>>> print(open('coords.tsv').read())   # TSV, C-alpha atoms and all ligand atoms
chain	number	residue	atom	x	y	z
A	1	MET	CA	75.97	-31.95	167.77
A	2	GLY	CA	79.36	-31.94	169.44
A	3	ASP	CA	80.42	-31.00	172.91
A	4	CYS	CA	81.92	-27.77	174.04
A	5	GLU	CA	84.71	-27.80	176.56
A	6	LEU	CA	85.41	-24.43	178.16
A	7	ARG	CA	87.63	-23.99	181.16
A	8	GLY	CA	87.10	-27.54	182.29
A	9	PHE	CA	83.31	-27.66	181.80
A	10	LYS	CA	81.73	-29.68	179.07
A	11	PHE	CA	78.52	-28.57	177.34
A	12	PRO	CA	76.62	-29.79	174.32
A	13	TYR	CA	77.43	-27.23	171.65
A	14	TYR	CA	74.50	-24.82	171.22
A	15	GLY	CA	72.53	-27.08	173.52
A	16	PRO	CA	70.96	-25.94	176.81
A	17	GLY	CA	74.29	-26.12	178.64
A	18	PHE	CA	75.96	-23.85	176.13
A	19	LYS	CA	73.06	-21.37	176.27
A	20	LEU	CA	73.29	-21.42	180.08
A	21	LEU	CA	76.99	-20.62	179.85
A	22	ILE	CA	76.26	-17.63	177.60
A	23	ARG	CA	73.47	-16.45	179.92
A	24	LEU	CA	75.72	-16.77	182.96
A	25	GLY	CA	78.23	-14.58	181.15
A	26	PHE	CA	75.87	-11.96	179.74
A	27	GLY	CA	72.81	-12.05	182.01
A	28	ILE	CA	70.18	-14.61	183.04
A	29	ARG	CA	66.95	-12.63	182.45
A	30	GLY	CA	68.27	-10.27	179.80
A	31	PRO	CA	71.51	-8.52	178.88
A	32	ARG	CA	73.33	-7.49	182.09
A	33	LYS	CA	75.15	-4.78	180.13
A	34	LYS	CA	72.60	-2.75	178.22
A	35	ILE	CA	75.20	-1.20	175.92
A	36	ILE	CA	77.00	-3.83	173.90
A	37	GLY	CA	79.97	-3.54	171.53
A	38	GLN	CA	83.51	-4.76	172.09
A	39	GLN	CA	85.85	-2.58	170.07
A	40	LEU	CA	86.33	1.11	169.43
A	41	ALA	CA	88.67	3.88	168.34
A	42	GLY	CA	88.52	7.47	169.50
A	43	ILE	CA	90.08	10.40	171.32
A	44	VAL	CA	90.78	10.51	175.05
A	45	GLU	CA	88.41	13.12	176.48
A	46	SER	CA	89.70	13.27	180.06
A	47	VAL	CA	91.84	11.21	182.46
A	48	GLY	CA	91.88	10.59	186.19
A	49	LYS	CA	94.58	12.29	188.24
A	50	GLU	CA	96.63	9.12	188.64
A	51	VAL	CA	96.65	8.21	184.96
A	52	THR	CA	100.12	8.42	183.44
A	53	ASN	CA	99.82	6.54	180.11
A	54	PHE	CA	97.28	8.81	178.45
A	55	LYS	CA	96.30	12.47	178.25
A	56	PRO	CA	93.31	14.27	176.77
A	57	GLY	CA	93.55	14.39	173.00
A	58	ASP	CA	95.41	11.07	172.61
A	59	GLU	CA	94.13	8.96	169.73
A	60	VAL	CA	93.53	5.39	170.87
A	61	PHE	CA	91.95	2.11	169.84
A	62	ALA	CA	90.65	-0.40	172.34
A	63	CYS	CA	88.92	-3.67	173.12
A	64	THR	CA	86.32	-3.61	175.88
A	65	ALA	CA	86.02	-7.42	175.86
A	66	MET	CA	83.41	-8.77	178.30
A	67	GLY	CA	83.00	-5.22	179.69
A	68	LEU	CA	81.20	-4.35	176.42
A	69	GLY	CA	79.88	-0.74	176.18
A	70	ALA	CA	81.57	0.26	172.92
A	71	TYR	CA	78.32	1.24	171.15
A	72	ALA	CA	78.45	4.67	172.76
A	73	GLU	CA	79.82	8.18	172.40
A	74	TYR	CA	81.87	7.84	175.60
A	75	LYS	CA	83.49	4.84	177.23
A	76	CYS	CA	85.37	4.87	180.52
A	77	MET	CA	88.31	2.44	180.61
A	78	SER	CA	91.20	1.69	182.93
A	79	GLU	CA	94.58	2.76	181.56
A	80	LYS	CA	95.60	-0.83	182.33
A	81	GLY	CA	92.83	-2.12	180.05
A	82	LEU	CA	93.12	-3.18	176.43
A	83	VAL	CA	93.66	0.35	175.18
A	84	THR	CA	96.64	1.76	173.33
A	85	THR	CA	97.69	4.37	170.79
A	86	LYS	CA	95.82	4.16	167.49
A	87	PRO	CA	97.90	3.17	164.44
A	88	THR	CA	99.10	6.38	162.81
A	89	ASN	CA	98.22	5.18	159.31
A	90	MET	CA	94.58	4.30	160.00
A	91	THR	CA	91.49	6.44	160.34
A	92	PHE	CA	89.36	6.01	163.48
A	93	GLU	CA	86.87	4.03	161.41
A	94	GLU	CA	89.56	1.65	160.17
A	95	ALA	CA	91.22	1.26	163.56
A	96	SER	CA	87.89	0.45	165.22
A	97	THR	CA	87.60	-2.75	163.15
A	98	ILE	CA	90.85	-4.27	164.39
A	99	PRO	CA	90.98	-4.97	168.17
A	100	VAL	CA	88.73	-8.04	168.37
A	101	GLY	CA	88.81	-9.64	164.92
A	102	GLY	CA	92.49	-8.73	164.66
A	103	THR	CA	93.34	-10.30	168.02
A	104	GLU	CA	91.55	-13.50	167.01
A	105	ALA	CA	93.32	-13.55	163.65
A	106	LEU	CA	96.76	-12.81	165.05
A	107	HIS	CA	96.35	-15.42	167.79
A	108	PHE	CA	95.38	-18.22	165.40
A	109	MET	CA	97.84	-17.31	162.66
A	110	THR	CA	100.64	-17.26	165.28
A	111	ALA	CA	99.52	-20.62	166.68
A	112	ALA	CA	99.50	-22.06	163.15
A	113	ASN	CA	103.27	-21.47	162.89
A	114	ILE	CA	103.08	-20.77	159.16
A	115	GLN	CA	106.34	-21.18	157.25
A	116	ASN	CA	107.29	-19.46	154.00
A	117	GLY	CA	105.75	-21.26	151.01
A	118	GLN	CA	103.21	-23.28	153.02
A	119	THR	CA	99.62	-23.60	151.90
A	120	VAL	CA	96.90	-22.18	154.13
A	121	LEU	CA	93.15	-22.47	153.71
A	122	ILE	CA	91.00	-19.93	155.55
A	123	ASN	CA	87.32	-20.80	155.81
A	124	GLY	CA	85.32	-17.59	156.28
A	125	ALA	CA	88.13	-15.41	154.92
A	126	GLY	CA	85.92	-12.47	154.00
A	127	GLY	CA	84.79	-11.47	157.49
A	128	SER	CA	86.19	-9.53	160.39
A	129	ILE	CA	88.66	-12.20	161.51
A	130	GLY	CA	89.32	-13.68	158.07
A	131	THR	CA	90.39	-10.49	156.31
A	132	VAL	CA	93.11	-9.98	158.94
A	133	ALA	CA	94.10	-13.66	159.07
A	134	LEU	CA	94.52	-13.71	155.30
A	135	GLN	CA	96.85	-10.70	155.36
A	136	ILE	CA	98.94	-12.17	158.19
A	137	ALA	CA	99.23	-15.53	156.39
A	138	LYS	CA	100.33	-13.75	153.21
A	139	SER	CA	102.92	-11.76	155.16
A	140	LYS	CA	104.43	-15.07	156.29
A	141	GLY	CA	104.84	-16.15	152.67
A	142	ALA	CA	101.89	-18.56	152.52
A	143	LYS	CA	99.86	-19.46	149.46
A	144	VAL	CA	96.34	-18.78	150.68
A	145	THR	CA	93.07	-20.37	149.60
A	146	ALA	CA	90.23	-18.15	150.77
A	147	VAL	CA	86.80	-19.71	151.23
A	148	ASP	CA	83.80	-17.38	151.34
A	149	SER	CA	80.90	-16.22	149.18
A	150	ALA	CA	81.63	-15.17	145.59
A	151	GLY	CA	80.62	-11.55	146.18
A	152	LYS	CA	83.78	-11.16	148.25
A	153	PHE	CA	86.23	-12.59	145.73
A	154	ASP	CA	87.47	-9.23	144.34
A	155	MET	CA	88.13	-7.95	147.87
A	156	LEU	CA	89.87	-11.22	148.83
A	157	ARG	CA	92.05	-11.09	145.71
A	158	SER	CA	93.00	-7.52	146.59
A	159	LEU	CA	94.21	-8.78	150.00
A	160	GLY	CA	96.41	-11.36	148.28
A	161	ALA	CA	94.28	-14.54	148.16
A	162	ASP	CA	95.85	-16.97	145.68
A	163	HIS	CA	92.86	-19.30	145.27
A	164	LEU	CA	89.18	-18.80	145.97
A	165	VAL	CA	86.39	-21.20	146.84
A	166	ASP	CA	82.71	-20.23	147.02
A	167	TYR	CA	81.30	-22.01	150.07
A	168	LYS	CA	77.79	-21.68	148.63
A	169	GLN	CA	78.80	-23.77	145.61
A	170	GLU	CA	81.15	-26.37	147.07
A	171	TYR	CA	82.51	-27.80	150.29
A	172	PHE	CA	86.28	-27.32	150.24
A	173	VAL	CA	86.98	-30.76	151.75
A	174	ASP	CA	85.43	-32.34	148.63
A	175	ARG	CA	88.10	-30.76	146.44
A	176	ASN	CA	91.04	-33.05	145.89
A	177	GLU	CA	93.47	-30.58	147.47
A	178	THR	CA	95.60	-30.51	150.59
A	179	TYR	CA	96.96	-27.75	152.80
A	180	ASP	CA	99.57	-27.29	155.51
A	181	VAL	CA	97.13	-25.25	157.60
A	182	ILE	CA	93.34	-25.17	157.68
A	183	PHE	CA	91.85	-22.35	159.73
A	184	ASP	CA	88.08	-22.76	159.96
A	185	ILE	CA	86.86	-19.48	161.38
A	186	VAL	CA	83.17	-20.19	161.00
A	187	GLY	CA	83.39	-23.60	162.62
A	188	VAL	CA	81.44	-25.62	160.09
A	189	THR	CA	84.01	-28.41	159.77
A	190	THR	CA	85.47	-30.90	162.20
A	191	PHE	CA	89.07	-32.05	162.42
A	192	SER	CA	87.91	-35.47	161.16
A	193	ASP	CA	86.32	-33.84	158.09
A	194	CYS	CA	89.63	-32.21	157.22
A	195	LEU	CA	92.07	-35.10	157.73
A	196	ASP	CA	92.25	-35.90	154.01
A	197	SER	CA	92.70	-32.22	153.18
A	198	LEU	CA	95.84	-31.81	155.31
A	199	ASN	CA	99.45	-32.40	154.24
A	200	GLU	CA	101.89	-34.29	156.42
A	201	ASN	CA	102.47	-32.27	159.63
A	202	GLY	CA	99.32	-30.30	158.79
A	203	ARG	CA	97.61	-28.15	161.40
A	204	TYR	CA	93.87	-27.67	161.88
A	205	LEU	CA	92.60	-24.68	163.84
A	206	GLN	CA	89.13	-23.52	164.59
A	207	GLY	CA	87.96	-20.06	165.60
A	208	ASN	CA	84.53	-19.33	166.99
A	209	GLY	CA	85.06	-21.07	170.30
A	210	ARG	CA	83.83	-24.38	168.87
A	211	ILE	CA	86.60	-26.23	170.59
A	212	SER	CA	84.33	-29.21	170.91
A	213	ARG	CA	84.45	-29.80	167.21
A	214	ILE	CA	88.17	-30.36	167.49
A	215	ASP	CA	87.97	-34.01	168.34
A	216	LYS	CA	91.31	-34.54	170.03
A	217	SER	CA	90.78	-38.28	170.07
A	218	THR	CA	90.65	-38.41	166.26
A	219	ALA	CA	93.38	-40.76	165.10
A	220	SER	CA	95.65	-38.67	162.95
A	221	SER	CA	97.96	-40.15	160.40
A	222	ASN	CA	100.89	-38.19	158.93
A	223	ASN	CA	101.47	-36.33	162.19
A	224	LEU	CA	98.40	-34.13	161.77
A	225	LYS	CA	97.61	-31.82	164.61
A	226	ALA	CA	94.45	-30.05	165.79
A	227	ILE	CA	95.49	-26.93	167.66
A	228	ASP	CA	93.02	-26.47	170.48
A	229	THR	CA	93.28	-22.90	171.69
A	230	LEU	CA	91.27	-19.80	172.54
A	231	ALA	CA	92.49	-16.32	171.61
A	232	ASP	CA	94.27	-14.49	174.41
A	233	TYR	CA	93.26	-10.86	174.63
A	234	SER	CA	96.19	-8.81	175.86
A	235	ILE	CA	97.70	-5.36	175.49
A	236	GLU	CA	100.77	-7.01	173.93
A	237	ARG	CA	98.58	-8.42	171.12
A	238	LEU	CA	96.98	-5.02	170.55
A	239	ILE	CA	100.40	-3.38	170.33
A	240	GLU	CA	101.60	-6.13	167.97
A	241	LEU	CA	98.55	-5.45	165.78
A	242	ARG	CA	99.36	-1.72	165.73
A	243	GLU	CA	102.94	-2.50	164.68
A	244	LEU	CA	101.73	-4.81	161.87
A	245	ILE	CA	99.35	-2.09	160.69
A	246	GLU	CA	102.06	0.57	160.74
A	247	LYS	CA	104.38	-1.78	158.80
A	248	GLY	CA	101.65	-2.06	156.17
A	249	THR	CA	101.00	-5.77	156.81
A	250	ILE	CA	97.36	-5.32	157.84
A	251	LYS	CA	94.78	-3.07	156.22
A	252	ALA	CA	91.21	-2.68	157.42
A	253	VAL	CA	88.33	-3.81	155.21
A	254	ILE	CA	85.18	-1.74	155.66
A	255	ASP	CA	81.95	-2.50	153.84
A	256	THR	CA	79.76	0.34	155.09
A	257	THR	CA	79.79	3.04	157.74
A	258	TYR	CA	76.58	3.91	159.58
A	259	PRO	CA	75.73	6.62	162.14
A	260	LEU	CA	74.92	5.46	165.68
A	261	GLU	CA	71.23	6.27	165.18
A	262	GLN	CA	71.02	3.45	162.60
A	263	MET	CA	72.27	0.69	164.90
A	264	VAL	CA	69.17	-1.43	164.25
A	265	GLU	CA	69.78	-1.27	160.49
A	266	VAL	CA	73.45	-2.16	161.11
A	267	HIS	CA	72.50	-5.34	162.88
A	268	LYS	CA	69.93	-6.26	160.22
A	269	PHE	CA	72.51	-5.68	157.50
A	270	VAL	CA	75.16	-7.78	159.24
A	271	GLU	CA	72.74	-10.60	160.05
A	272	GLU	CA	71.70	-10.85	156.39
A	273	GLY	CA	75.27	-11.95	155.56
A	274	GLY	CA	77.38	-10.83	152.64
A	275	LYS	CA	79.22	-7.92	154.27
A	276	LEU	CA	82.77	-7.30	153.10
A	277	GLY	CA	85.00	-7.43	156.17
A	278	ASN	CA	83.49	-5.04	158.70
A	279	VAL	CA	80.71	-2.55	159.27
A	280	VAL	CA	81.57	0.57	161.25
A	281	VAL	CA	79.32	2.75	163.41
A	282	THR	CA	80.31	6.38	163.82
A	283	MET	CA	79.43	8.57	166.80
A	284	TYR	CA	79.69	12.05	165.24
B	301	LIG	N1	85.04	-10.99	165.19
B	301	LIG	C1	85.14	-11.28	166.46
B	301	LIG	O1	85.48	-10.41	167.20
B	301	LIG	C2	84.91	-12.66	167.03
B	301	LIG	C3	85.48	-13.00	168.23
B	301	LIG	C4	85.29	-14.30	168.73
B	301	LIG	C5	84.51	-15.18	168.01
B	301	LIG	N2	83.92	-14.78	166.84
B	301	LIG	C6	83.10	-15.73	166.10
B	301	LIG	O2	83.88	-16.19	165.00
B	301	LIG	C7	83.05	-16.32	163.85
B	301	LIG	C8	83.60	-15.49	162.74
B	301	LIG	O3	83.66	-14.17	163.20
B	301	LIG	P1	83.79	-12.96	162.20
B	301	LIG	O4	83.65	-11.74	163.03
B	301	LIG	O5	84.96	-13.08	161.29
B	301	LIG	O6	82.43	-13.15	161.38
B	301	LIG	P2	82.01	-12.46	160.05
B	301	LIG	O7	82.63	-11.12	159.95
B	301	LIG	O8	80.54	-12.59	159.95
B	301	LIG	O9	82.70	-13.39	158.95
B	301	LIG	C9	82.33	-14.71	158.72
B	301	LIG	C10	82.57	-14.98	157.25
B	301	LIG	O10	82.34	-16.37	157.01
B	301	LIG	C11	81.53	-16.51	155.88
B	301	LIG	N3	80.78	-17.76	155.98
B	301	LIG	C12	79.53	-17.97	156.49
B	301	LIG	N4	79.21	-19.26	156.40
B	301	LIG	C13	80.26	-19.89	155.85
B	301	LIG	C14	80.53	-21.25	155.50
B	301	LIG	N5	79.63	-22.23	155.69
B	301	LIG	N6	81.73	-21.54	154.95
B	301	LIG	C15	82.66	-20.56	154.73
B	301	LIG	N7	82.45	-19.25	155.02
B	301	LIG	C16	81.27	-18.92	155.58
B	301	LIG	C17	80.64	-15.29	155.91
B	301	LIG	O11	80.12	-15.09	154.62
B	301	LIG	P3	78.65	-14.48	154.37
B	301	LIG	O12	78.80	-13.03	154.57
B	301	LIG	O13	78.36	-14.88	152.98
B	301	LIG	O14	77.74	-15.10	155.38
B	301	LIG	C18	81.60	-14.21	156.37
B	301	LIG	O15	82.32	-13.63	155.31
B	301	LIG	C19	81.66	-15.87	164.27
B	301	LIG	O16	80.86	-16.98	164.49
B	301	LIG	C20	81.87	-15.08	165.53
B	301	LIG	O17	80.78	-15.20	166.41
B	301	LIG	C21	84.13	-13.54	166.34
>>> encode(input="coords.tsv", output="structure tokens", more="lines below")
Ligand SMILES: NC(=O)c1ccc[n+]([C@@H]2O[C@H](COP(=O)([O-])OP(=O)(O)OC[C@H]3O[C@@H](n4cnc5c(N)ncnc54)[C@H](OP(=O)(O)O)[C@@H]3O)[C@@H](O)[C@H]2O)c1
Amino acid sequence: MGDCELRGFKFPYYGPGFKLLIRLGFGIRGPRKKIIGQQLAGIVESVGKEVTNFKPGDEVFACTAMGLGAYAEYKCMSEKGLVTTKPTNMTFEEASTIPVGGTEALHFMTAANIQNGQTVLINGAGGSIGTVALQIAKSKGAKVTAVDSAGKFDMLRSLGADHLVDYKQEYFVDRNETYDVIFDIVGVTTFSDCLDSLNENGRYLQGNGRISRIDKSTASSNNLKAIDTLADYSIERLIELRELIEKGTIKAVIDTTYPLEQMVEVHKFVEEGGKLGNVVVTMY
């Protein structure tokens, strides 16, 4: 079990300190915000009299971040929040999958500084973050190895994956292959695990907030680098995502769409594993 360093504090990962951190954020005795959900797409119903950026009828997509509350028919947001015009070439369902996973993907794929022709391995490529990260890496001219379960291989190929590894059958670090970038979204590896799988000047990144597992003290030969960073949620990122979508760089991957009334089934389905990309909940 590693440590988790967040904003200067150090906690054992998934240990009591980590759980305390989560509870401080979301509520000590139970969820402080009863309505969860962090991303949405919809139509502006009404605006306050001082709002200038939006008007009723505008089509938007948004990230509610720690404010949560997206599992609802209506959500009140500040016009200065993470809300902007929906991509014109996406449905509401598609656009609703992008703000959080897309921000994470865009952040890490930007930090990876991928150059044309480089090799990139994405661990957990078939999920919400991975499907966007894969498309961004391909748009930068990378050869991408996508690691996920075999049931997602057709979808991953359709997004441009060049090589596929089934994580249920093999651990990618045991393959005798090296990459310029390893992006471990699920956080099951450590930087040390991946040293032999990185080319000279290789970069290792980890999503999932498991910063702890990036052991910065690991001696790295060949100028290997672990990029220790957390995604920055900003309106600029959301706008950049919209532009990439409208350029055709990013498409949404939706497994299933459920009505709001079936939220319990949605969570059961997602927790079972195996979903392709995203699951969407509709409010109409
Ligand atoms: N999406 C977000 O907004 C967000 C934001 C911040 C942090 N995170 C965290 O980042 C992680 C990934 O998020 P996500 O939304 O992309 O999750 P996700 O949609 O569930 O995708 C994760 C993918 O990784 C695969 N996977 C599971 N175990 C694996 C392993 N050992 N090796 C390789 N692949 C494996 C899963 O396959 P199966 O379906 O077969 O299990 C799934 O396709 C999560 O832990 C999440 O809590 C997510």
>>> axis_aligned_box(input="coords.tsv", around="stretch 74-84 of chain A", padding_each_side="5 Å", output="JSON")
{"center_x": 89.3, "center_y": 2.3, "center_z": 178.1, "size_x": 24.8, "size_y": 21.0, "size_z": 19.6}
>>> residues_near_ligand(input="coords.tsv", ligand="ligand LIG 301 (chain B)", cutoff="9 Å", atoms="all atoms listed in the file", output="tab-separated table (two decimals) with C-alpha atoms, keeping the file's coordinate frame")
chain	number	residue	atom	x	y	z
A	38	GLN	CA	83.51	-4.76	172.09
A	39	GLN	CA	85.85	-2.58	170.07
A	97	THR	CA	87.60	-2.75	163.15
A	98	ILE	CA	90.85	-4.27	164.39
A	99	PRO	CA	90.98	-4.97	168.17
A	100	VAL	CA	88.73	-8.04	168.37
A	101	GLY	CA	88.81	-9.64	164.92
A	102	GLY	CA	92.49	-8.73	164.66
A	103	THR	CA	93.34	-10.30	168.02
A	104	GLU	CA	91.55	-13.50	167.01
A	105	ALA	CA	93.32	-13.55	163.65
A	122	ILE	CA	91.00	-19.93	155.55
A	123	ASN	CA	87.32	-20.80	155.81
A	124	GLY	CA	85.32	-17.59	156.28
A	125	ALA	CA	88.13	-15.41	154.92
A	126	GLY	CA	85.92	-12.47	154.00
A	127	GLY	CA	84.79	-11.47	157.49
A	128	SER	CA	86.19	-9.53	160.39
A	129	ILE	CA	88.66	-12.20	161.51
A	130	GLY	CA	89.32	-13.68	158.07
A	131	THR	CA	90.39	-10.49	156.31
A	146	ALA	CA	90.23	-18.15	150.77
A	147	VAL	CA	86.80	-19.71	151.23
A	148	ASP	CA	83.80	-17.38	151.34
A	149	SER	CA	80.90	-16.22	149.18
A	150	ALA	CA	81.63	-15.17	145.59
A	151	GLY	CA	80.62	-11.55	146.18
A	152	LYS	CA	83.78	-11.16	148.25
A	165	VAL	CA	86.39	-21.20	146.84
A	166	ASP	CA	82.71	-20.23	147.02
A	167	TYR	CA	81.30	-22.01	150.07
A	168	LYS	CA	77.79	-21.68	148.63
A	171	TYR	CA	82.51	-27.80	150.29
A	172	PHE	CA	86.28	-27.32	150.24
A	184	ASP	CA	88.08	-22.76	159.96
A	185	ILE	CA	86.86	-19.48	161.38
A	186	VAL	CA	83.17	-20.19	161.00
A	187	GLY	CA	83.39	-23.60	162.62
A	188	VAL	CA	81.44	-25.62	160.09
A	189	THR	CA	84.01	-28.41	159.77
A	207	GLY	CA	87.96	-20.06	165.60
A	208	ASN	CA	84.53	-19.33	166.99
A	209	GLY	CA	85.06	-21.07	170.30
A	230	LEU	CA	91.27	-19.80	172.54
A	231	ALA	CA	92.49	-16.32	171.61
A	270	VAL	CA	75.16	-7.78	159.24
A	271	GLU	CA	72.74	-10.60	160.05
A	272	GLU	CA	71.70	-10.85	156.39
A	273	GLY	CA	75.27	-11.95	155.56
A	274	GLY	CA	77.38	-10.83	152.64
A	275	LYS	CA	79.22	-7.92	154.27
A	276	LEU	CA	82.77	-7.30	153.10
A	277	GLY	CA	85.00	-7.43	156.17
A	278	ASN	CA	83.49	-5.04	158.70
A	279	VAL	CA	80.71	-2.55	159.27
>>> atom_distance(input="coords.tsv", atom1="atom CA of A:Leu156", atom2="atom CA of A:Thr119")
16.1 Å
>>> residues_around(input="coords.tsv", residues="A:Thr249", least_positions_apart="6", cutoff="8 Å", atoms="all atoms listed in the file", output="MDAnalysis selection string")
chainID A and resid 135:136 139
>>> residues_around(input="coords.tsv", residues="A:Lys140", least_positions_apart="6", cutoff="9 Å", atoms="all atoms listed in the file", output="list of chain:residue names")
A:Ile114, A:Gln115, A:Asn116, A:Gly117, A:Gln118
>>> atom_distance(input="coords.tsv", atom1="atom CA of A:Leu244", atom2="atom CA of A:Pro87")
9.2 Å
>>> atom_distance(input="coords.tsv", atom1="atom CA of A:Thr178", atom2="atom CA of A:Thr190")
15.4 Å
>>> closest_residue(input="coords.tsv", among="A:Gln262, A:Thr84, A:Asn89, A:Gln206", to="A:Phe54", atoms="all atoms listed in the file")
A:Thr84
>>> residues_around(input="coords.tsv", residues="A:Met66", least_positions_apart="3", cutoff="12 Å", atoms="only C-alpha atoms", output="list in words")
Ile22, Gly25, Phe26, Gly27, Pro31, Arg32, Lys33, Ile35, Ile36, Gly37, Gln38, Gln39, Cys63, Gly69, Ala70, Gly81, Leu82, Val100 and Tyr233 of chain A
>>> residues_around(input="coords.tsv", residues="A:Val83", least_positions_apart="2", cutoff="10 Å", atoms="all atoms listed in the file", output="MDAnalysis selection string")
chainID A and resid 39:41 54 60:64 77:81 85:86 99 234:235 238:239
>>> residues_around(input="coords.tsv", residues="A:Val44", least_positions_apart="6", cutoff="10 Å", atoms="all atoms listed in the file", output="list in words")
Phe54, Lys55, Pro56, Gly57, Asp58, Glu59, Val60, Phe61, Tyr74, Lys75 and Cys76 of chain A
